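For reference, the structure is listed below as structure tokens.
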Amino acid sequence: METTSRVEGVPAARRTAEGYLRAPFTWYGLDDAFTGARWLMQVGTAADGTVQHGSMGHGDEPSIKSDASGVEKERFAVVVTVAASPVRRSGDGTGVLDATTVSSAAWLAGSGLLAYTWPAQLDHALRDDWLDQQTETAFELADDLAGPEWSTLSLPVDGVPVPFHYRESEFGWVLAGSAGEVHIGAYGRGMSAYGLGFSGVEDLDAYA
């Protein structure tokens, strides 16, 4: 797990939470109906240090698994929050940053799920090549949310039904939708996506 600070004398949990605290948007996680473990993962920043997205875990912390592991014992859902931003100038004024969309959340969720999986028949040494190929596929799928690989699922966000794009694969499930100032993505396995609900995180200590 990456941390956003290496300041001596600051507890590791606080160092990990620092990036989340710098975000100019609301973080989302599973709502109070989920009573299991919660944990922080990492944030993504722009070149100027602005926090753009991040992930929060729920359930069992996932480890890299092959699909030959038999009965899947891990049960987890990771929620990805992406700041909704239009096309904008870069912080140094030298270029243009792409807009973030629902597809951004779908791609981050899809590539996140792949990071914890590889096919059983694949040699471990070749996993990087496989991951590159599958990440490109995840990008293409995220860019075509109206395509046949996706269905529509309605889930509550802060108690209000919101439509999400949803797909399943042999490695787990991925979904993505929008909620005001942010786009929400999620991925998981061992937990059904159909019963999930999302809400704004009011206290990061629940994840520390």
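Residues in the structure tokens are numbered from 1 in each chain, the chains being A, B, ... in the order shown, and ligands are numbered from 1 in the order shown.
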
Point to revise | Residue neighbourhood region 155-158 of chain A, 12 Å, only C-alpha atoms, exclusion window fewer than 5 positions, as an NGL selection string | key: :A and (26-33 or 163-166 or 175-180 or 182-186 or 193-202)

**Study point:** Atom pair CA of Val102 (chain A) / CA of Pro24 (chain A): separation (Å)
**Key:**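 For CA of Val102 (chain A) relative to CA of Pro24 (chain A), the distance reads 18.4 Å.
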
Review point. What is the CA of Val79 (chain A) to CA of Met56 (chain A) distance in Å?
Key: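 Going from CA of Val79 (chain A) over to CA of Met56 (chain A), I get 5.3 Å.
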